[in-house]
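**Q** Below is the file my_file_39.cif, which contains mmCIF, C-alpha atoms.
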data_model
loop_
_atom_site.group_PDB
_atom_site.id
_atom_site.type_symbol
_atom_site.label_atom_id
_atom_site.label_comp_id
_atom_site.auth_asym_id
_atom_site.auth_seq_id
_atom_site.Cartn_x
_atom_site.Cartn_y
_atom_site.Cartn_z
ATOM 1 C CA MET T 251 0.000 0.000 0.000
ATOM 2 C CA GLU T 252 1.227 3.508 -0.795
ATOM 3 C CA PRO T 253 2.619 5.487 2.217
ATOM 4 C CA LEU T 254 0.031 8.237 1.679
ATOM 5 C CA ASP T 255 -2.798 5.692 1.762
ATOM 6 C CA ILE T 256 -1.433 4.341 5.048
ATOM 7 C CA PHE T 257 -1.240 7.895 6.345
ATOM 8 C CA ILE T 258 -4.921 8.480 5.445
ATOM 9 C CA ILE T 259 -5.971 5.436 7.477
ATOM 10 C CA VAL T 260 -3.960 6.557 10.508
ATOM 11 C CA VAL T 261 -5.560 10.016 10.333
ATOM 12 C CA GLU T 262 -9.073 8.623 9.994
ATOM 13 C CA GLN T 263 -8.583 6.070 12.804
ATOM 14 C CA ARG T 264 -6.912 8.711 15.086
ATOM 15 C CA SER T 265 -4.922 5.909 16.693
ATOM 16 C CA LEU T 266 -1.852 3.925 15.696
ATOM 17 C CA ASN T 267 -3.267 0.919 17.494
ATOM 18 C CA LYS T 268 -6.585 0.927 15.600
ATOM 19 C CA ALA T 269 -4.846 1.675 12.309
ATOM 20 C CA SER T 270 -2.333 -1.156 12.809
ATOM 21 C CA GLN T 271 -5.178 -3.617 13.403
ATOM 22 C CA LEU T 272 -6.993 -2.437 10.264
ATOM 23 C CA LEU T 273 -3.814 -2.624 8.189
ATOM 24 C CA ASN T 274 -2.742 -5.953 9.715
ATOM 25 C CA LEU T 275 0.603 -4.442 10.719
ATOM 26 C CA SER T 276 2.349 -4.383 14.052
ATOM 27 C CA GLN T 277 2.250 -1.005 15.768
ATOM 28 C CA PRO T 278 6.076 -0.623 15.670
ATOM 29 C CA ALA T 279 6.065 -1.374 11.925
ATOM 30 C CA LEU T 280 3.333 1.207 11.365
ATOM 31 C CA SER T 281 5.213 3.783 13.442
ATOM 32 C CA ARG T 282 8.304 3.238 11.274
ATOM 33 C CA LYS T 283 6.273 3.815 8.094
ATOM 34 C CA ILE T 284 4.919 7.118 9.429
ATOM 35 C CA ALA T 285 8.407 8.138 10.591
ATOM 36 C CA ASN T 286 9.822 7.312 7.144
ATOM 37 C CA LEU T 287 7.117 9.449 5.514
ATOM 38 C CA GLU T 288 7.932 12.362 7.843
ATOM 39 C CA ASP T 289 11.632 12.009 7.005
ATOM 40 C CA GLU T 290 10.850 11.971 3.289
ATOM 41 C CA LEU T 291 8.654 15.079 3.526
ATOM 42 C CA GLY T 292 10.880 16.844 6.083
ATOM 43 C CA VAL T 293 7.988 17.777 8.392
ATOM 44 C CA SER T 294 6.179 16.437 11.467
ATOM 45 C CA LEU T 295 2.729 15.117 10.593
ATOM 46 C CA PHE T 296 1.345 14.401 14.073
ATOM 47 C CA GLU T 297 1.449 15.704 17.621
ATOM 48 C CA ARG T 298 0.782 13.312 20.475
ATOM 49 C CA ARG T 299 -1.741 14.518 23.039
ATOM 50 C CA GLY T 300 -1.995 11.756 25.543
ATOM 51 C CA LYS T 301 -3.156 8.684 23.627
ATOM 52 C CA ARG T 302 -4.511 10.782 20.755
ATOM 53 C CA LEU T 303 -2.765 11.723 17.524
ATOM 54 C CA VAL T 304 -3.466 15.269 16.336
ATOM 55 C CA LEU T 305 -2.515 16.515 12.891
ATOM 56 C CA THR T 306 -0.032 19.333 12.643
ATOM 57 C CA ARG T 307 -0.696 22.079 10.106
ATOM 58 C CA ALA T 308 1.721 20.326 7.711
ATOM 59 C CA GLY T 309 -0.076 17.056 8.479
ATOM 60 C CA GLN T 310 -3.410 18.591 7.477
ATOM 61 C CA MET T 311 -1.898 19.788 4.196
ATOM 62 C CA CYS T 312 -0.503 16.305 3.607
ATOM 63 C CA TYR T 313 -3.869 14.705 4.399
ATOM 64 C CA ASP T 314 -5.733 16.969 1.949
ATOM 65 C CA HIS T 315 -3.160 16.196 -0.751
ATOM 66 C CA ALA T 316 -3.338 12.452 -0.033
ATOM 67 C CA LEU T 317 -7.148 12.476 -0.412
ATOM 68 C CA GLU T 318 -6.890 14.313 -3.734
ATOM 69 C CA MET T 319 -4.274 11.872 -5.016
ATOM 70 C CA ARG T 320 -6.472 8.931 -4.011
ATOM 71 C CA ARG T 321 -9.461 10.469 -5.799
ATOM 72 C CA MET T 322 -7.412 11.047 -8.943
ATOM 73 C CA ARG T 323 -6.121 7.450 -8.938
ATOM 74 C CA ARG T 324 -9.650 6.092 -8.599
ATOM 75 C CA ASN T 325 -10.902 8.285 -11.441
ATOM 76 C CA PHE T 326 -7.981 7.222 -13.600
ATOM 77 C CA ARG T 327 -8.604 3.541 -12.962
ATOM 78 C CA GLU T 328 -12.308 3.955 -13.728
ATOM 79 C CA ALA T 329 -11.466 5.719 -16.989
ATOM 80 C CA LEU T 330 -9.116 2.886 -17.907
ATOM 81 C CA ARG T 331 -11.802 0.327 -17.054
ATOM 82 C CA LEU T 332 -14.324 2.046 -19.335
ATOM 83 C CA PHE T 333 -11.709 2.379 -22.058
ATOM 84 C CA ALA T 334 -10.863 -1.318 -21.858
ATOM 85 C CA SER T 335 -14.539 -2.329 -21.889
ATOM 86 C CA LYS T 336 -15.184 -0.458 -25.140
ATOM 87 C CA GLY T 337 -11.833 -1.090 -26.755
ATOM 88 C CA PRO T 338 -9.504 1.628 -28.035
ATOM 89 C CA ALA T 339 -11.205 4.606 -29.647
ATOM 90 C CA GLY T 340 -8.951 4.445 -32.697
ATOM 91 C CA SER T 341 -9.438 6.398 -35.876
ATOM 92 C CA LEU T 342 -11.746 6.130 -38.862
ATOM 93 C CA THR T 343 -11.529 7.666 -42.329
ATOM 94 C CA ILE T 344 -14.822 7.628 -44.229
ATOM 95 C CA GLY T 345 -15.212 8.298 -47.920
ATOM 96 C CA ALA T 346 -18.663 9.572 -48.903
ATOM 97 C CA SER T 347 -20.274 10.332 -52.223
ATOM 98 C CA LEU T 348 -21.897 13.748 -52.599
ATOM 99 C CA THR T 349 -25.406 12.493 -51.894
ATOM 100 C CA THR T 350 -24.550 10.455 -48.806
ATOM 101 C CA LEU T 351 -22.277 13.190 -47.436
ATOM 102 C CA GLN T 352 -25.219 15.558 -47.256
ATOM 103 C CA SER T 353 -28.040 13.162 -46.399
ATOM 104 C CA THR T 354 -26.857 10.101 -44.470
ATOM 105 C CA LEU T 355 -23.297 10.460 -43.170
ATOM 106 C CA PRO T 356 -23.974 13.219 -40.572
ATOM 107 C CA ASP T 357 -26.629 11.096 -38.857
ATOM 108 C CA LEU T 358 -24.416 7.997 -38.811
ATOM 109 C CA ILE T 359 -21.469 9.923 -37.372
ATOM 110 C CA THR T 360 -23.709 11.387 -34.664
ATOM 111 C CA LEU T 361 -25.025 7.929 -33.813
ATOM 112 C CA TYR T 362 -21.512 6.476 -33.670
ATOM 113 C CA THR T 363 -19.894 9.235 -31.618
ATOM 114 C CA GLN T 364 -22.629 9.088 -28.987
ATOM 115 C CA GLU T 365 -21.080 5.789 -27.867
ATOM 116 C CA TYR T 366 -17.506 6.290 -29.054
ATOM 117 C CA PRO T 367 -16.862 10.025 -28.653
ATOM 118 C CA GLU T 368 -13.062 9.689 -28.618
ATOM 119 C CA THR T 369 -12.795 8.179 -32.102
ATOM 120 C CA ASP T 370 -10.844 10.375 -34.506
ATOM 121 C CA ILE T 371 -13.128 10.569 -37.565
ATOM 122 C CA LYS T 372 -12.133 12.085 -40.896
ATOM 123 C CA ALA T 373 -14.286 12.327 -44.014
ATOM 124 C CA VAL T 374 -13.424 12.773 -47.673
ATOM 125 C CA THR T 375 -15.839 13.196 -50.540
ATOM 126 C CA GLY T 376 -15.918 12.354 -54.208
ATOM 127 C CA LYS T 377 -17.997 10.707 -56.897
ATOM 128 C CA THR T 378 -19.024 7.105 -56.321
ATOM 129 C CA HIS T 379 -16.332 5.566 -58.530
ATOM 130 C CA GLU T 380 -13.739 7.731 -56.781
ATOM 131 C CA ILE T 381 -14.883 6.511 -53.354
ATOM 132 C CA VAL T 382 -14.679 2.891 -54.530
ATOM 133 C CA THR T 383 -11.073 3.475 -55.634
ATOM 134 C CA LEU T 384 -10.189 5.121 -52.309
ATOM 135 C CA VAL T 385 -11.607 2.121 -50.450
ATOM 136 C CA GLN T 386 -9.754 -0.368 -52.656
ATOM 137 C CA GLU T 387 -6.474 1.499 -52.163
ATOM 138 C CA ARG T 388 -7.071 1.762 -48.371
ATOM 139 C CA LYS T 389 -6.935 5.549 -48.533
ATOM 140 C CA THR T 390 -10.246 5.413 -46.662
ATOM 141 C CA ASP T 391 -11.283 2.760 -44.142
ATOM 142 C CA ILE T 392 -14.885 2.640 -45.245
ATOM 143 C CA GLY T 393 -17.063 4.128 -47.984
ATOM 144 C CA LEU T 394 -20.658 5.346 -47.980
ATOM 145 C CA VAL T 395 -22.181 5.504 -51.461
ATOM 146 C CA ALA T 396 -25.639 5.734 -53.034
ATOM 147 C CA SER T 397 -25.190 2.539 -54.995
ATOM 148 C CA ARG T 398 -24.737 -1.207 -54.697
ATOM 149 C CA ILE T 399 -21.125 -2.018 -55.472
ATOM 150 C CA ASP T 400 -20.015 -5.280 -57.043
ATOM 151 C CA HIS T 401 -16.222 -5.213 -57.178
ATOM 152 C CA PRO T 402 -13.809 -8.062 -56.387
ATOM 153 C CA GLY T 403 -12.494 -7.786 -52.850
ATOM 154 C CA VAL T 404 -14.979 -5.078 -51.835
ATOM 155 C CA HIS T 405 -17.649 -5.913 -49.269
ATOM 156 C CA CYS T 406 -20.954 -4.106 -49.827
ATOM 157 C CA LEU T 407 -23.480 -3.729 -46.990
ATOM 158 C CA PRO T 408 -26.796 -2.315 -48.296
ATOM 159 C CA LEU T 409 -28.489 0.047 -45.829
ATOM 160 C CA PHE T 410 -31.643 1.424 -47.444
ATOM 161 C CA ASP T 411 -33.287 2.286 -50.770
ATOM 162 C CA ASP T 412 -33.788 5.898 -51.777
ATOM 163 C CA HIS T 413 -35.332 7.746 -54.700
ATOM 164 C CA LEU T 414 -35.826 11.315 -55.848
ATOM 165 C CA CYS T 415 -38.840 13.465 -55.009
ATOM 166 C CA LEU T 416 -40.127 16.656 -56.587
ATOM 167 C CA VAL T 417 -39.613 19.601 -54.217
ATOM 168 C CA LEU T 418 -41.658 22.752 -54.745
ATOM 169 C CA PRO T 419 -41.849 26.167 -53.070
ATOM 170 C CA GLU T 420 -45.060 27.131 -51.308
ATOM 171 C CA ASN T 421 -47.715 28.621 -53.610
ATOM 172 C CA HIS T 422 -46.256 26.779 -56.616
ATOM 173 C CA ARG T 423 -48.932 26.093 -59.209
ATOM 174 C CA LEU T 424 -48.348 22.301 -59.073
ATOM 175 C CA LEU T 425 -49.224 22.170 -55.375
ATOM 176 C CA GLY T 426 -52.848 22.803 -56.265
ATOM 177 C CA LYS T 427 -53.039 19.517 -58.149
ATOM 178 C CA THR T 428 -53.996 16.274 -56.436
ATOM 179 C CA SER T 429 -51.349 14.402 -58.444
ATOM 180 C CA VAL T 430 -48.390 15.383 -60.584
ATOM 181 C CA HIS T 431 -47.330 13.477 -63.706
ATOM 182 C CA ILE T 432 -43.864 13.216 -65.170
ATOM 183 C CA GLN T 433 -44.944 15.135 -68.290
ATOM 184 C CA GLU T 434 -45.584 18.215 -66.152
ATOM 185 C CA ILE T 435 -41.858 18.535 -65.543
ATOM 186 C CA ASP T 436 -41.440 19.448 -69.218
ATOM 187 C CA ARG T 437 -40.232 23.067 -69.427
ATOM 188 C CA LEU T 438 -40.547 23.435 -65.642
ATOM 189 C CA PRO T 439 -37.895 25.808 -64.232
ATOM 190 C CA MET T 440 -35.621 23.582 -62.146
ATOM 191 C CA ILE T 441 -32.354 23.383 -60.230
ATOM 192 C CA LEU T 442 -30.609 20.030 -60.714
ATOM 193 C CA PHE T 443 -27.537 18.133 -59.584
ATOM 194 C CA SER T 444 -24.300 18.844 -61.358
ATOM 195 C CA ARG T 445 -23.554 16.651 -64.362
ATOM 196 C CA GLY T 446 -21.568 13.501 -63.669
ATOM 197 C CA THR T 447 -23.260 12.600 -60.379
ATOM 198 C CA TRP T 448 -25.158 9.332 -60.166
ATOM 199 C CA TYR T 449 -28.526 11.022 -59.608
ATOM 200 C CA ARG T 450 -28.015 13.424 -62.483
ATOM 201 C CA ILE T 451 -27.236 10.509 -64.805
ATOM 202 C CA LEU T 452 -30.420 8.750 -63.651
ATOM 203 C CA VAL T 453 -32.461 11.928 -64.018
ATOM 204 C CA ASP T 454 -31.190 12.607 -67.527
ATOM 205 C CA GLU T 455 -32.013 9.018 -68.515
ATOM 206 C CA LEU T 456 -35.498 9.450 -67.029
ATOM 207 C CA PHE T 457 -36.082 12.717 -68.879
ATOM 208 C CA HIS T 458 -34.935 11.126 -72.139
ATOM 209 C CA ARG T 459 -37.182 8.086 -71.627
ATOM 210 C CA TYR T 460 -40.295 10.217 -71.139
ATOM 211 C CA ALA T 461 -39.243 12.974 -73.546
ATOM 212 C CA VAL T 462 -39.462 15.742 -70.959
ATOM 213 C CA PHE T 463 -37.106 18.704 -71.049
ATOM 214 C CA PRO T 464 -37.150 20.922 -67.949
ATOM 215 C CA ASP T 465 -35.849 24.461 -68.009
ATOM 216 C CA VAL T 466 -32.616 23.919 -66.029
ATOM 217 C CA ARG T 467 -31.746 27.247 -64.432
ATOM 218 C CA MET T 468 -28.841 26.041 -62.260
ATOM 219 C CA GLU T 469 -26.680 22.962 -61.718
ATOM 220 C CA ILE T 470 -25.137 22.824 -58.226
ATOM 221 C CA ASP T 471 -23.789 20.265 -55.750
ATOM 222 C CA SER T 472 -25.130 21.598 -52.447
ATOM 223 C CA PHE T 473 -28.471 20.309 -51.171
ATOM 224 C CA GLU T 474 -28.721 23.163 -48.671
ATOM 225 C CA ALA T 475 -28.083 25.803 -51.323
ATOM 226 C CA THR T 476 -30.597 24.137 -53.609
ATOM 227 C CA LEU T 477 -33.313 24.251 -50.948
ATOM 228 C CA ARG T 478 -32.682 27.923 -50.233
ATOM 229 C CA LEU T 479 -32.767 28.836 -53.896
ATOM 230 C CA VAL T 480 -35.981 26.899 -54.459
ATOM 231 C CA ALA T 481 -37.584 28.492 -51.410
ATOM 232 C CA GLY T 482 -36.660 31.968 -52.612
ATOM 233 C CA GLY T 483 -37.878 31.663 -56.179
ATOM 234 C CA LYS T 484 -40.196 29.872 -58.550
ATOM 235 C CA THR T 485 -37.988 26.933 -59.411
ATOM 236 C CA ALA T 486 -38.425 23.282 -58.440
ATOM 237 C CA THR T 487 -35.844 20.600 -57.751
ATOM 238 C CA LEU T 488 -35.368 16.858 -57.334
ATOM 239 C CA LEU T 489 -33.765 15.676 -54.092
ATOM 240 C CA PRO T 490 -33.343 12.268 -52.395
ATOM 241 C CA LYS T 491 -36.173 11.290 -50.098
ATOM 242 C CA SER T 492 -33.675 10.474 -47.325
ATOM 243 C CA TYR T 493 -32.616 14.122 -47.166
ATOM 244 C CA LEU T 494 -36.100 15.610 -47.005
ATOM 245 C CA ARG T 495 -36.830 15.761 -43.271
ATOM 246 C CA ARG T 496 -40.128 17.315 -42.254
ATOM 247 C CA ASN T 497 -38.585 20.130 -40.211
ATOM 248 C CA LEU T 498 -36.217 20.958 -43.057
ATOM 249 C CA LEU T 499 -39.127 21.360 -45.464
ATOM 250 C CA GLU T 500 -41.288 23.307 -43.025
ATOM 251 C CA ASN T 501 -38.470 25.685 -42.077
ATOM 252 C CA ASN T 502 -37.889 26.507 -45.733
ATOM 253 C CA GLY T 503 -41.547 26.708 -46.749
ATOM 254 C CA LEU T 504 -41.304 23.769 -49.150
ATOM 255 C CA ALA T 505 -43.513 20.831 -50.086
ATOM 256 C CA VAL T 506 -42.891 17.455 -51.680
ATOM 257 C CA ARG T 507 -44.797 15.751 -54.471
ATOM 258 C CA ASN T 508 -44.176 12.116 -55.330
ATOM 259 C CA ILE T 509 -44.200 11.219 -59.002
ATOM 260 C CA PRO T 510 -44.468 7.454 -59.672
ATOM 261 C CA GLU T 511 -41.873 7.596 -62.450
ATOM 262 C CA LEU T 512 -39.326 9.105 -60.046
ATOM 263 C CA GLU T 513 -39.215 5.802 -58.190
ATOM 264 C CA LEU T 514 -37.219 4.560 -61.176
ATOM 265 C CA THR T 515 -34.366 6.697 -59.803
ATOM 266 C CA LYS T 516 -34.094 4.353 -56.822
ATOM 267 C CA ARG T 517 -30.593 3.878 -55.464
ATOM 268 C CA THR T 518 -29.407 1.680 -52.589
ATOM 269 C CA THR T 519 -27.202 3.469 -50.088
ATOM 270 C CA SER T 520 -24.429 1.090 -49.013
ATOM 271 C CA LEU T 521 -21.325 0.793 -46.851
ATOM 272 C CA ILE T 522 -18.260 -0.597 -48.596
ATOM 273 C CA TYR T 523 -14.876 -1.779 -47.266
ATOM 274 C CA VAL T 524 -12.144 -4.317 -48.000
ATOM 275 C CA ASP T 525 -11.008 -7.276 -45.894
ATOM 276 C CA SER T 526 -7.939 -5.573 -44.450
ATOM 277 C CA ALA T 527 -10.011 -2.575 -43.298
ATOM 278 C CA ALA T 528 -12.267 -4.887 -41.283
ATOM 279 C CA GLU T 529 -9.304 -5.526 -38.971
ATOM 280 C CA ASN T 530 -9.867 -1.993 -37.643
ATOM 281 C CA PRO T 531 -12.287 -2.270 -34.661
ATOM 282 C CA ALA T 532 -13.691 1.187 -35.479
ATOM 283 C CA VAL T 533 -14.719 -0.040 -38.948
ATOM 284 C CA ARG T 534 -16.556 -3.016 -37.481
ATOM 285 C CA ARG T 535 -18.293 -0.861 -34.871
ATOM 286 C CA PHE T 536 -19.324 1.739 -37.463
ATOM 287 C CA ALA T 537 -20.746 -0.975 -39.738
ATOM 288 C CA GLU T 538 -22.683 -2.487 -36.829
ATOM 289 C CA LYS T 539 -24.147 0.902 -35.904
ATOM 290 C CA ALA T 540 -25.114 1.636 -39.522
ATOM 291 C CA LEU T 541 -26.833 -1.739 -39.998
ATOM 292 C CA ALA T 542 -28.692 -1.336 -36.698
ATOM 293 C CA ALA T 543 -29.948 2.085 -37.840
ATOM 294 C CA PHE T 544 -31.630 0.501 -40.885
ATOM 295 C CA PRO T 545 -33.004 -2.831 -39.601
ATOM 296 C CA PRO T 546 -34.934 -4.021 -42.702
ATOM 297 C CA TYR T 547 -31.688 -4.653 -44.589
ATOM 298 C CA ALA T 548 -29.877 -5.793 -41.453
ATOM 299 C CA GLN T 549 -32.559 -8.464 -40.885
ATOM 300 C CA ALA T 550 -32.504 -9.499 -44.530
ATOM 301 C CA ASP T 551 -28.779 -10.170 -44.336
#
Let me see the structure of the file written as structure tokens.

**A**
Amino acid sequence: MEPLDIFIIVVEQRSLNKASQLLNLSQPALSRKIANLEDELGVSLFERRGKRLVLTRAGQMCYDHALEMRRMRRNFREALRLFASKGPAGSLTIGASLTTLQSTLPDLITLYTQEYPETDIKAVTGKTHEIVTLVQERKTDIGLVASRIDHPGVHCLPLFDDHLCLVLPENHRLLGKTSVHIQEIDRLPMILFSRGTWYRILVDELFHRYAVFPDVRMEIDSFEATLRLVAGGKTATLLPKSYLRRNLLENNGLAVRNIPELELTKRTTSLIYVDSAAENPAVRRFAEKALAAFPPYAQAD
């Protein structure tokens, strides 16, 4: 036992005899330990008043310090116990496609860090094929993409299906209709994804299939900027259903209309990683959290 811990017991028992019994030490041995501590510190810790031990002023200072040191050791050991029970926090680099970066990744990171707040998380973004390459080359530990990936050596965990919805500003003429058809997008002023993104490719294929040609006023990559621009003007847009939270729409004065043909834009948001990345405990924990957040797919697997 540490000399300061022995000193605490002597102070609290107020008797060398009682303290020696509690510590299972002979009284002479206990007296030597206290004398050694006094020699080490260069001060007297006790005054004898009859059979009682009374702390000197230096003894009181030593007692207060000893209690603080004991408290700090206990806190440290508890922190180590919790750390060991959860495993090392580690680090995690996540690659996310544009769509998932803005719609899904923030929620998953929040969910993960609630339990593992010390994990060092970094995120990089790119187009889906770029994220796949980063995962294959181990430049990211895990990827989050709006697609099912079938590449040798790449594990793909599907999370949920998503499709585009028509988003309109309040008082838009189409909101007065009970249903909206794909043909009504023809010549409609719209803001769309930038060219080259997966959803833009799907949208262009959809427009070509149904021979509709919207009036594209802007092509941008930011969902937030798109919503603000739609709310402030007379344009419409197409955004993933997963991004369109009720409070987000209400705060921006927007409404959603589902068009059956837009369900053809369905994409499956997935986690991807390679075998060697799975050796990282943070990767396994993140995958477990993501699958638990979307149970239909987790149960199917």

**Q** Spell out the residues picked by the PyMOL selection byres ((chain T and resi 425) around 12) here, as a count of residues only.

**A** 20

**Q** Give me, as JSON lines, each residue of region 284-383 of chain T that comes within 12 Å of region 450-458 of chain T, together with its shortest interatomic pair and the distance in Å at one decimal, counting all atoms listed in the file, with rows ordered by chain and rising residue number.

**A**
{"residue": "T:Leu348", "atom": "CA", "partner": "T:Arg450", "partner_atom": "CA", "distance": 11.6}
{"residue": "T:Thr349", "atom": "CA", "partner": "T:Arg450", "partner_atom": "CA", "distance": 10.9}
{"residue": "T:Lys377", "atom": "CA", "partner": "T:Arg450", "partner_atom": "CA", "distance": 11.8}

**Q** Translate the PyMOL selection byres ((chain T and resi 525) around 9), as applied to the file shown, into an explicit residue set as a CSV table (one decimal) with C-alpha atoms, in the frame of the given file.

**A**
chain,number,residue,atom,x,y,z
T,403,GLY,CA,-12.5,-7.8,-52.8
T,404,VAL,CA,-15.0,-5.1,-51.8
T,405,HIS,CA,-17.6,-5.9,-49.3
T,523,TYR,CA,-14.9,-1.8,-47.3
T,524,VAL,CA,-12.1,-4.3,-48.0
T,526,SER,CA,-7.9,-5.6,-44.4
T,527,ALA,CA,-10.0,-2.6,-43.3
T,528,ALA,CA,-12.3,-4.9,-41.3
T,529,GLU,CA,-9.3,-5.5,-39.0

**Q** Write out as a PyMOL selection string which residues come within 12 Å of Met251 (chain T) when counting only C-alpha atoms, dropping same-chain ones fewer than 3 positions away.

**A** chain T and resi 254-259+273-275+280+283+320

**Q** Write the residues of the selection above to a file with C-alpha atoms, as a PDB file, in the coordinates of the input.

**A**
ATOM      1  CA  LEU T 254       0.031   8.237   1.679  1.00  0.00           C
ATOM      2  CA  ASP T 255      -2.798   5.692   1.762  1.00  0.00           C
ATOM      3  CA  ILE T 256      -1.433   4.341   5.048  1.00  0.00           C
ATOM      4  CA  PHE T 257      -1.240   7.895   6.345  1.00  0.00           C
ATOM      5  CA  ILE T 258      -4.921   8.480   5.445  1.00  0.00           C
ATOM      6  CA  ILE T 259      -5.971   5.436   7.477  1.00  0.00           C
ATOM      7  CA  LEU T 273      -3.814  -2.624   8.189  1.00  0.00           C
ATOM      8  CA  ASN T 274      -2.742  -5.953   9.715  1.00  0.00           C
ATOM      9  CA  LEU T 275       0.603  -4.442  10.719  1.00  0.00           C
ATOM     10  CA  LEU T 280       3.333   1.207  11.365  1.00  0.00           C
ATOM     11  CA  LYS T 283       6.273   3.815   8.094  1.00  0.00           C
ATOM     12  CA  ARG T 320      -6.472   8.931  -4.011  1.00  0.00           C
TER      13      ARG T 320
END

**Q** Just how far from CA of Thr343 (chain T) is CA of Lys372 (chain T), in Å to one decimal?

**A**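 Spanning CA of Lys372 (chain T) to CA of Thr343 (chain T) is a straight-line distance of 4.7 Å.
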
**Q** Would you kindly return, as a PDB file with C-alpha atoms, in the coordinates of the input, each protein, DNA or RNA residue with an atom no farther than 6 Å from any atom of Ser341 (chain T), considering only C-alpha atoms and excluding same-chain residues fewer than 4 positions away?

**A**
ATOM      1  CA  THR T 369     -12.795   8.179 -32.102  1.00  0.00           C
ATOM      2  CA  ASP T 370     -10.844  10.375 -34.506  1.00  0.00           C
ATOM      3  CA  ILE T 371     -13.128  10.569 -37.565  1.00  0.00           C
TER       4      ILE T 371
END

**Q** Would you list the contacts of Gln433 (chain T) as JSON, numbers by chain, taking every protein, DNA or RNA residue within 9 Å and counting only C-alpha atoms, but skipping same-chain residues closer than 2 positions in sequence?

**A** {"T": [430, 431, 435, 436, 460, 461, 462]}

**Q** Using all atoms listed in the file, determine which residues lie at most 12 Å from Leu291 (chain T), disregarding the query and same-chain residues fewer than 2 positions distant; provide the list as a PyMOL selection string.

**A** chain T and resi 253-254+284-289+293-295+308-309+311-312

**Q** One decimal, in Å: what's the spacing between CA of Ser353 (chain T) and CA of Thr519 (chain T)?

**A** 10.4 Å

**Q** Just how far from CA of Lys539 (chain T) is CA of Gln364 (chain T), in Å to one decimal?

**A**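 For CA of Gln364 (chain T) relative to CA of Lys539 (chain T), the distance reads 10.8 Å.
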
**Q** Ranking T:Met440, T:Leu409, T:Val261, T:Val480 by minimum distance to Tyr313 (chain T) and counting only C-alpha atoms, which one comes first?

**A**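 Checking each candidate against Tyr313 (chain T), we get T:Val261 as the closest.
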
**Q** I need every residue sitting at most 8 Å from the point (-27.2, 22.5, -59.3) (coordinates as in the file, only C-alpha atoms considered), written as a VMD selection string.

**A** chain T and resid 441 to 444 468 to 472 476

**Q** For Ile399 (chain T), list every protein, DNA or RNA residue within 10 Å, evaluated using all atoms listed in the file, and leave out those in the same chain fewer than 4 positions away; present the list as a PyMOL selection string.

**A** chain T and resi 378-379+382+395+404-408+518-522

**Q** So, with only C-alpha atoms as the atoms that count, which of T:Glu262, T:Glu500, T:Asp357, T:Glu434 lies closest to Phe544 (chain T)?

**A** T:Asp357

**Q** With all atoms of region 513-531 of chain T from the file as input, state the centre and edge lengths in Å to one decimal of the axis-aligned box that has 6 Å extra on each side, as lines of an AutoDock Vina configuration file.

**A**
center_x = -23.6
center_y = -0.3
center_z = -47.9
size_x = 43.3
size_y = 26.0
size_z = 38.5

**Q** Measuring between only C-alpha atoms, which one of T:Arg331, T:Leu514, T:Gln277, T:Arg264 shows the shortest distance to Arg298 (chain T)?

**A**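 Looking at the shortest contact to Arg298 (chain T), the residue is T:Arg264.
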
**Q** So, counting only C-alpha atoms, which residue among T:Ala542, T:Lys516, T:Arg282, T:Gln310 is closest to Arg398 (chain T)?

**A** T:Lys516

**Q** Considering only C-alpha atoms, state which residue in the set T:Cys415, T:Leu355, T:Val533, T:Leu384 is at the smallest distance from Leu489 (chain T).

**A**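 The answer is T:Cys415, which sits nearest to Leu489 (chain T).
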